[in-house]
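S.K.: Structure file entry_21.csv (CSV, C-alpha atoms) is given on the next line.
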```csv
chain,number,residue,atom,x,y,z
D,1099,MET,CA,0.0,0.0,0.0
D,1100,ASP,CA,1.6,3.2,-1.2
D,1101,GLN,CA,0.6,6.1,1.0
D,1102,THR,CA,2.5,8.9,-0.8
D,1103,ILE,CA,-0.2,11.4,-1.9
D,1104,PRO,CA,0.3,12.5,-5.6
D,1105,GLU,CA,1.1,16.2,-6.1
D,1106,VAL,CA,-2.3,17.1,-7.7
D,1107,ILE,CA,-4.3,15.6,-4.8
D,1108,ARG,CA,-2.1,17.5,-2.4
D,1109,THR,CA,-2.2,20.9,-4.1
D,1110,ILE,CA,-5.5,21.1,-5.9
D,1111,PRO,CA,-8.6,21.3,-3.6
D,1112,LEU,CA,-11.3,18.9,-4.3
D,1113,GLN,CA,-13.6,21.9,-4.9
D,1114,TYR,CA,-11.8,22.8,-8.1
D,1115,TYR,CA,-12.8,19.5,-9.6
D,1116,VAL,CA,-16.4,20.2,-8.6
D,1117,PHE,CA,-16.2,23.6,-10.4
D,1118,PHE,CA,-14.5,22.1,-13.4
D,1119,ALA,CA,-17.1,19.3,-13.7
D,1120,THR,CA,-19.9,21.9,-13.2
D,1121,ALA,CA,-18.6,24.0,-16.0
D,1122,LEU,CA,-18.3,21.0,-18.3
D,1123,PHE,CA,-21.9,20.0,-17.5
D,1124,ALA,CA,-23.2,23.5,-18.1
D,1125,ILE,CA,-21.5,23.6,-21.5
D,1126,GLY,CA,-23.2,20.3,-22.3
D,1127,VAL,CA,-26.6,21.7,-21.3
D,1128,LEU,CA,-25.9,24.8,-23.4
D,1129,GLY,CA,-25.2,22.6,-26.4
D,1130,VAL,CA,-28.4,20.5,-25.9
D,1131,LEU,CA,-30.4,23.7,-25.7
D,1132,THR,CA,-28.9,25.6,-28.6
D,1133,ARG,CA,-28.2,23.1,-31.4
D,1134,ARG,CA,-30.8,21.5,-33.7
D,1135,ASN,CA,-28.8,18.6,-35.1
D,1136,ALA,CA,-29.7,15.4,-33.3
D,1137,ILE,CA,-26.2,14.0,-33.5
D,1138,ILE,CA,-24.6,17.2,-31.9
D,1139,ILE,CA,-27.2,17.1,-29.2
D,1140,PHE,CA,-26.3,13.5,-28.5
D,1141,MET,CA,-22.6,14.4,-28.3
D,1142,CYS,CA,-23.4,17.1,-25.8
D,1143,VAL,CA,-25.2,14.5,-23.7
D,1144,GLU,CA,-21.9,12.5,-23.8
D,1145,LEU,CA,-20.2,15.6,-22.6
D,1146,MET,CA,-22.5,15.9,-19.6
D,1147,LEU,CA,-21.9,12.2,-18.8
D,1148,ASN,CA,-18.2,12.8,-18.8
D,1149,ALA,CA,-18.5,15.7,-16.4
D,1150,VAL,CA,-20.2,13.3,-13.9
D,1151,ASN,CA,-17.5,10.8,-14.6
D,1152,ILE,CA,-14.7,13.3,-13.7
D,1153,LEU,CA,-16.5,14.2,-10.4
D,1154,LEU,CA,-16.9,10.5,-9.4
D,1155,ALA,CA,-13.2,9.7,-10.3
D,1156,ALA,CA,-12.0,12.8,-8.4
D,1157,PHE,CA,-13.9,12.0,-5.2
D,1158,SER,CA,-12.9,8.4,-5.5
D,1159,ALA,CA,-9.2,9.3,-5.9
D,1160,TYR,CA,-9.2,11.8,-3.0
D,1161,ARG,CA,-11.0,9.5,-0.6
D,1162,ALA,CA,-9.0,6.4,-1.8
D,1163,ASP,CA,-12.2,4.5,-2.3
D,1164,PRO,CA,-12.2,2.3,-5.4
D,1165,ASN,CA,-16.0,2.0,-5.6
D,1166,GLY,CA,-16.3,5.4,-7.3
D,1167,GLN,CA,-14.0,4.3,-10.1
D,1168,VAL,CA,-16.0,1.1,-10.6
D,1169,PHE,CA,-19.1,3.3,-10.9
D,1170,VAL,CA,-17.3,5.3,-13.6
D,1171,PHE,CA,-16.5,2.1,-15.4
D,1172,PHE,CA,-20.2,1.1,-15.4
D,1173,ILE,CA,-21.3,4.5,-16.6
D,1174,MET,CA,-18.9,4.1,-19.5
D,1175,ALA,CA,-20.4,0.7,-20.3
D,1176,VAL,CA,-23.9,2.0,-20.2
D,1177,ALA,CA,-23.0,5.0,-22.3
D,1178,ALA,CA,-21.5,2.7,-25.0
D,1179,ALA,CA,-24.8,0.7,-25.1
D,1180,GLU,CA,-26.8,3.9,-25.2
D,1181,VAL,CA,-24.8,5.3,-28.1
D,1182,ALA,CA,-25.3,2.2,-30.2
D,1183,VAL,CA,-29.1,2.3,-29.8
D,1184,GLY,CA,-29.3,6.1,-30.0
D,1185,LEU,CA,-27.3,6.3,-33.3
D,1186,GLY,CA,-29.5,3.4,-34.6
D,1187,ILE,CA,-32.5,5.6,-33.9
D,1188,ILE,CA,-30.9,8.6,-35.5
D,1189,VAL,CA,-30.1,6.7,-38.7
D,1190,MET,CA,-33.7,5.4,-38.8
D,1191,ILE,CA,-35.1,9.0,-38.4
D,1192,TYR,CA,-32.8,10.1,-41.2
D,1193,ARG,CA,-34.1,7.3,-43.4
D,1194,ASN,CA,-37.7,8.5,-42.8
D,1195,VAL,CA,-37.4,12.3,-43.0
D,1196,GLN,CA,-34.1,12.7,-44.8
D,1197,ASN,CA,-32.8,15.0,-42.0
D,1198,THR,CA,-31.6,14.9,-38.4
D,1199,ASP,CA,-33.1,18.2,-37.4
D,1200,VAL,CA,-34.9,17.7,-34.1
D,1201,ASN,CA,-37.4,20.5,-34.9
D,1202,LEU,CA,-38.9,18.4,-37.7
D,1203,LEU,CA,-39.9,15.7,-35.2
D,1204,ASP,CA,-42.7,17.6,-33.4
D,1205,ARG,CA,-45.6,15.1,-33.9
D,1206,LEU,CA,-45.6,14.1,-30.3
D,1207,LYS,CA,-45.5,17.8,-29.1
D,1208,TRP,CA,-49.2,18.3,-28.2
E,988,MET,CA,4.3,20.4,-12.5
E,989,GLY,CA,1.1,18.5,-11.7
E,990,THR,CA,-0.7,21.6,-10.6
E,991,SER,CA,0.0,23.5,-13.8
E,992,LEU,CA,-0.9,20.4,-15.7
E,993,PHE,CA,-4.3,20.3,-14.0
E,994,TYR,CA,-5.0,23.9,-15.1
E,995,PHE,CA,-3.7,23.2,-18.6
E,996,LEU,CA,-5.9,20.1,-19.0
E,997,ALA,CA,-8.9,21.8,-17.5
E,998,PHE,CA,-8.4,24.7,-20.0
E,999,VAL,CA,-8.1,22.4,-22.9
E,1000,ALA,CA,-11.1,20.4,-21.9
E,1001,LEU,CA,-13.3,23.4,-21.5
E,1002,ILE,CA,-12.2,25.2,-24.7
E,1003,SER,CA,-12.7,22.0,-26.8
E,1004,ALA,CA,-16.1,21.4,-25.1
E,1005,LEU,CA,-17.1,24.9,-26.2
E,1006,GLY,CA,-15.7,23.9,-29.7
E,1007,VAL,CA,-18.1,21.0,-29.7
E,1008,VAL,CA,-21.1,23.3,-29.1
E,1009,PHE,CA,-20.1,26.1,-31.5
E,1010,ALA,CA,-18.4,24.3,-34.4
E,1011,LYS,CA,-20.4,24.7,-37.6
E,1012,ASN,CA,-19.3,21.4,-39.2
E,1013,PRO,CA,-20.4,18.2,-37.3
E,1014,ILE,CA,-17.0,16.6,-38.2
E,1015,HIS,CA,-15.2,19.4,-36.3
E,1016,SER,CA,-17.6,18.9,-33.4
E,1017,VAL,CA,-16.5,15.2,-33.3
E,1018,LEU,CA,-12.8,16.1,-33.4
E,1019,PHE,CA,-13.3,18.6,-30.6
E,1020,LEU,CA,-15.1,16.0,-28.5
E,1021,ILE,CA,-12.2,13.6,-29.0
E,1022,LEU,CA,-9.8,16.3,-27.8
E,1023,THR,CA,-12.0,16.8,-24.8
E,1024,PHE,CA,-11.9,13.0,-24.0
E,1025,PHE,CA,-8.1,13.0,-24.3
E,1026,ALA,CA,-7.9,16.0,-21.8
E,1027,ILE,CA,-10.3,14.1,-19.5
E,1028,SER,CA,-8.0,11.0,-19.7
E,1029,GLY,CA,-5.1,13.3,-18.7
E,1030,HIS,CA,-7.1,14.2,-15.7
E,1031,TYR,CA,-7.6,10.6,-14.8
E,1032,LEU,CA,-3.9,10.0,-15.1
E,1033,LEU,CA,-3.2,13.0,-12.8
E,1034,LEU,CA,-5.6,11.4,-10.3
E,1035,ASN,CA,-3.7,8.1,-10.5
E,1036,ALA,CA,-6.7,6.3,-12.1
E,1037,GLN,CA,-4.8,4.5,-14.9
E,1038,PHE,CA,-7.5,2.0,-15.5
E,1039,LEU,CA,-10.1,4.8,-16.2
E,1040,ALA,CA,-7.7,6.7,-18.4
E,1041,ALA,CA,-7.1,3.6,-20.6
E,1042,VAL,CA,-10.8,2.7,-20.7
E,1043,ASN,CA,-11.8,6.3,-21.5
E,1044,ILE,CA,-9.4,6.3,-24.5
E,1045,ILE,CA,-10.4,2.9,-25.7
E,1046,VAL,CA,-14.2,3.1,-25.2
E,1047,TYR,CA,-14.9,6.8,-25.7
E,1048,ALA,CA,-12.2,8.1,-28.1
E,1049,GLY,CA,-11.8,4.8,-29.8
E,1050,ALA,CA,-15.2,3.2,-30.1
E,1051,ILE,CA,-18.0,5.7,-29.4
E,1052,MET,CA,-16.5,8.6,-31.4
E,1053,VAL,CA,-15.7,6.4,-34.4
E,1054,LEU,CA,-19.3,5.4,-34.3
E,1055,PHE,CA,-20.4,9.1,-34.4
E,1056,LEU,CA,-17.9,9.8,-37.2
E,1057,PHE,CA,-19.2,6.8,-39.1
E,1058,VAL,CA,-22.8,7.9,-38.8
E,1059,ILE,CA,-22.0,11.5,-39.8
E,1060,MET,CA,-20.2,10.4,-42.9
E,1061,PHE,CA,-22.8,7.7,-43.6
E,1062,LEU,CA,-25.6,10.3,-43.6
E,1063,ASN,CA,-23.5,12.8,-45.5
E,1064,LEU,CA,-23.9,15.5,-42.8
E,1065,ASN,CA,-20.3,16.7,-43.1
E,1066,THR,CA,-21.3,20.1,-44.3
E,1067,ASP,CA,-23.0,22.9,-42.5
E,1068,THR,CA,-26.6,22.1,-43.5
E,1069,GLU,CA,-28.1,22.7,-40.1
E,1070,PRO,CA,-30.8,25.4,-40.0
E,1071,HIS,CA,-30.2,27.6,-37.1
E,1072,LYS,CA,-32.6,28.4,-34.3
E,1073,PRO,CA,-33.9,31.9,-34.1
E,1074,ALA,CA,-31.6,34.3,-32.2
E,1075,LEU,CA,-34.2,34.7,-29.4
E,1076,ALA,CA,-34.2,30.9,-28.8
E,1077,LYS,CA,-30.4,30.9,-28.8
E,1078,VAL,CA,-30.2,33.8,-26.3
E,1079,THR,CA,-32.8,32.1,-24.1
E,1080,ALA,CA,-30.9,28.8,-24.2
E,1081,ALA,CA,-27.6,30.6,-23.3
E,1082,VAL,CA,-29.3,32.4,-20.4
E,1083,ALA,CA,-30.8,29.2,-19.2
E,1084,GLY,CA,-27.5,27.3,-19.4
E,1085,GLY,CA,-25.6,30.2,-17.7
E,1086,LEU,CA,-28.2,30.4,-14.9
E,1087,LEU,CA,-27.8,26.7,-14.3
E,1088,LEU,CA,-24.0,27.2,-14.1
E,1089,LEU,CA,-24.5,30.2,-11.7
E,1090,VAL,CA,-26.9,28.3,-9.4
E,1091,LEU,CA,-24.6,25.2,-9.2
E,1092,ILE,CA,-21.5,27.3,-8.6
E,1093,ALA,CA,-23.4,29.4,-6.0
E,1094,ALA,CA,-24.7,26.3,-4.2
E,1095,LEU,CA,-21.3,24.6,-4.2
E,1096,ARG,CA,-19.1,27.7,-3.5
E,1097,ASN,CA,-19.1,27.4,0.3
E,1098,VAL,CA,-18.9,23.6,0.3
E,1099,THR,CA,-15.6,22.3,1.5
E,1100,PRO,CA,-15.4,18.6,0.7
E,1101,VAL,CA,-13.1,16.6,3.0
E,1102,GLY,CA,-9.8,16.2,1.1
E,1103,ALA,CA,-7.3,13.4,1.1
E,1104,ASP,CA,-6.8,11.7,4.5
E,1105,ALA,CA,-3.1,11.0,4.9
E,1106,ALA,CA,-3.7,8.2,7.4
E,1107,THR,CA,-5.9,6.0,5.1
E,1108,PHE,CA,-4.7,7.3,1.7
E,1109,ASP,CA,-3.8,4.7,-0.9
E,1110,SER,CA,-2.5,5.9,-4.2
E,1111,GLN,CA,-2.8,2.5,-5.9
E,1112,ILE,CA,-6.6,2.1,-5.9
E,1113,GLY,CA,-6.9,3.2,-9.6
E,1114,MET,CA,-4.4,0.5,-10.9
E,1115,VAL,CA,-5.8,-2.2,-13.2
E,1116,ASN,CA,-5.1,-5.1,-10.8
E,1117,ARG,CA,-6.6,-3.4,-7.7
E,1118,LEU,CA,-9.7,-2.3,-9.6
E,1119,GLY,CA,-10.0,-5.6,-11.3
E,1120,LEU,CA,-10.2,-7.4,-7.9
E,1121,VAL,CA,-12.9,-5.0,-6.7
E,1122,LEU,CA,-14.8,-5.5,-10.0
E,1123,TYR,CA,-14.7,-9.3,-10.0
E,1124,GLN,CA,-15.4,-9.7,-6.3
E,1125,GLN,CA,-17.8,-7.0,-5.1
E,1126,TYR,CA,-19.3,-6.1,-8.4
E,1127,LEU,CA,-19.4,-9.5,-10.2
E,1128,LEU,CA,-23.2,-9.5,-10.7
E,1129,PRO,CA,-23.5,-5.9,-12.1
E,1130,PHE,CA,-20.5,-6.7,-14.3
E,1131,GLU,CA,-22.3,-9.8,-15.8
E,1132,LEU,CA,-25.5,-7.8,-16.1
E,1133,ALA,CA,-23.6,-5.2,-18.1
E,1134,SER,CA,-22.9,-7.9,-20.7
E,1135,VAL,CA,-26.6,-8.7,-20.9
E,1136,LEU,CA,-27.2,-5.0,-21.4
E,1137,PHE,CA,-24.7,-5.0,-24.3
E,1138,LEU,CA,-26.5,-8.0,-25.8
E,1139,VAL,CA,-29.9,-6.1,-25.5
E,1140,ALA,CA,-28.3,-3.0,-27.0
E,1141,MET,CA,-26.8,-5.0,-29.9
E,1142,VAL,CA,-30.1,-6.7,-30.7
E,1143,GLY,CA,-32.0,-3.4,-30.4
E,1144,ALA,CA,-29.6,-1.6,-32.7
E,1145,VAL,CA,-29.8,-4.3,-35.4
E,1146,MET,CA,-33.6,-4.3,-35.2
E,1147,LEU,CA,-33.7,-0.5,-35.5
E,1148,GLY,CA,-31.4,-0.5,-38.4
E,1149,LYS,CA,-33.3,-3.2,-40.3
E,1150,ARG,CA,-35.0,-2.2,-43.5
E,1151,GLU,CA,-38.8,-2.5,-43.2
E,1152,GLU,CA,-41.3,-3.3,-45.9
E,1153,GLY,CA,-42.9,-0.3,-47.5
E,1154,GLU,CA,-40.4,2.1,-45.8
E,1155,ARG,CA,-39.0,5.0,-47.8
E,1156,ASN,CA,-35.3,4.5,-48.2
E,1157,PHE,CA,-32.5,6.7,-49.3
```
Could you render the structure from this file as structure tokens?
M.R.:
Amino acid sequence: MDQTIPEVIRTIPLQYYVFFATALFAIGVLGVLTRRNAIIIFMCVELMLNAVNILLAAFSAYRADPNGQVFVFFIMAVAAAEVAVGLGIIVMIYRNVQNTDVNLLDRLKW
Amino acid sequence: MGTSLFYFLAFVALISALGVVFAKNPIHSVLFLILTFFAISGHYLLLNAQFLAAVNIIVYAGAIMVLFLFVIMFLNLNTDTEPHKPALAKVTAAVAGGLLLLVLIAALRNVTPVGADAATFDSQIGMVNRLGLVLYQQYLLPFELASVLFLVAMVGAVMLGKREEGERNF
């Protein structure tokens, strides 16, 4: 068991990671709200997932608790499955309306 | 060294994340997102989480982004054909996103999470062998369930992608 604390964990407060992850998450939200291309919106969702991953990994590393990192691994596995199905849906939408613009898909709106 | 590397990687990650949102060409968005993932992997390395850094590169930058790139090229979206939202909607979205950031920062500003505890600290928890032991002992059932999830996702993707009778195709 190696107890020497790495330099980053000694010098960077855990709060900075919280702020960094928050900023990354907000950028993802901004992308989801401003863009109309379904694929870009999907990529911004991935960005938000990664913000959460960083937070989990940082807390896990600071507290020396491996459970957080296992959770990050499962989030990545679920994200991979989600991307496969999501891109399948986007390809099917493109086949039907020849576009990936989310504003064209408003039949369920009200 | 590590401290300045943290600021550099955070800067690269945030700038390229903004690039994902503001790039006109979807291909550029994908490339910016890959850059973001590499910066995030750098963060994992700084946190001594080697396993996560490797998995992040392999799964995200390697598999997921290739899938995105493949779909964009497959659908021929690699030019800026996206109609833009009206300026009012964009400003509203930016204000909403900014307010979310503001509220989160304000709520977390005075939080002081407990940092590393020198007595119980262990810098080796992120190594492949240590994490593998946790994964295959404590988390064996969720790990096997993840494989079922992948099977379901694979069958779902194939079913979604199948050509149906009477459907309009390319």
S.K.: Near Arg1108 in chain D, counting only C-alpha atoms, which residues have an atom at most 9 Å away, once you skip same-chain residues fewer than 5 positions from it, shown as a PyMOL selection string?
M.R.: (chain D and resi 1103) or (chain E and resi 1102-1103)
S.K.: What residues in chain E lie within 6 Å of chain D, counting only C-alpha atoms, written as a ChimeraX atom specification?
M.R.: /E:989-990,1008,1077,1080,1084,1088,1103,1108-1110,1112,1137,1140,1144,1147-1148,1156
S.K.: Compare E:Val1017, E:Lys1149, E:Gln1125, E:Ala1083 by their minimum atom-to-atom distance to Leu1054 in chain E, counting all atoms listed in the file, and give me the closest one.
M.R.: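 Result for the nearest residue to Leu1054 in chain E: E:Val1017.
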S.K.: Would you mind telling me which residue in E:Ser1028, E:Thr1079, E:Ser1016, E:Gln1037 lies nearest to Phe1055 in chain E when using all atoms listed in the file?
M.R.: E:Ser1016
S.K.: Can you work out the spacing between CA of Leu1001 in chain E and CA of Ile1173 in chain D in Å, to one decimal?
M.R.: 21.1 Å
S.K.: Go through E:Leu1091, E:Met988, E:Ile1027, E:Leu1033 one by one, measure the shortest atom-to-atom distance of each to Ala1004 in chain E using all atoms listed in the file, and give the residue with the smallest value.
M.R.: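 Selected residue with least distance to Ala1004 in chain E: E:Ile1027.
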S.K.: Could you work out how far CA of Ala1000 in chain E lies from CA of Thr1023 in chain E, giving the answer in Å with one decimal?
M.R.: 4.7 Å
S.K.: Could you tell me how far CA of Ala1133 in chain E sits from CA of Phe1019 in chain E, in Å to one decimal place?
M.R.: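 So the answer is 28.8 Å.
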S.K.: Rank E:Asp1104, E:Ala1036, E:Ala1048, E:Leu1086 by their smallest atom-to-atom distance to Asn1116 in chain E, using all atoms listed in the file, and report the top residue only.
M.R.: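 That would be E:Ala1036, the residue with the smallest distance to Asn1116 in chain E.
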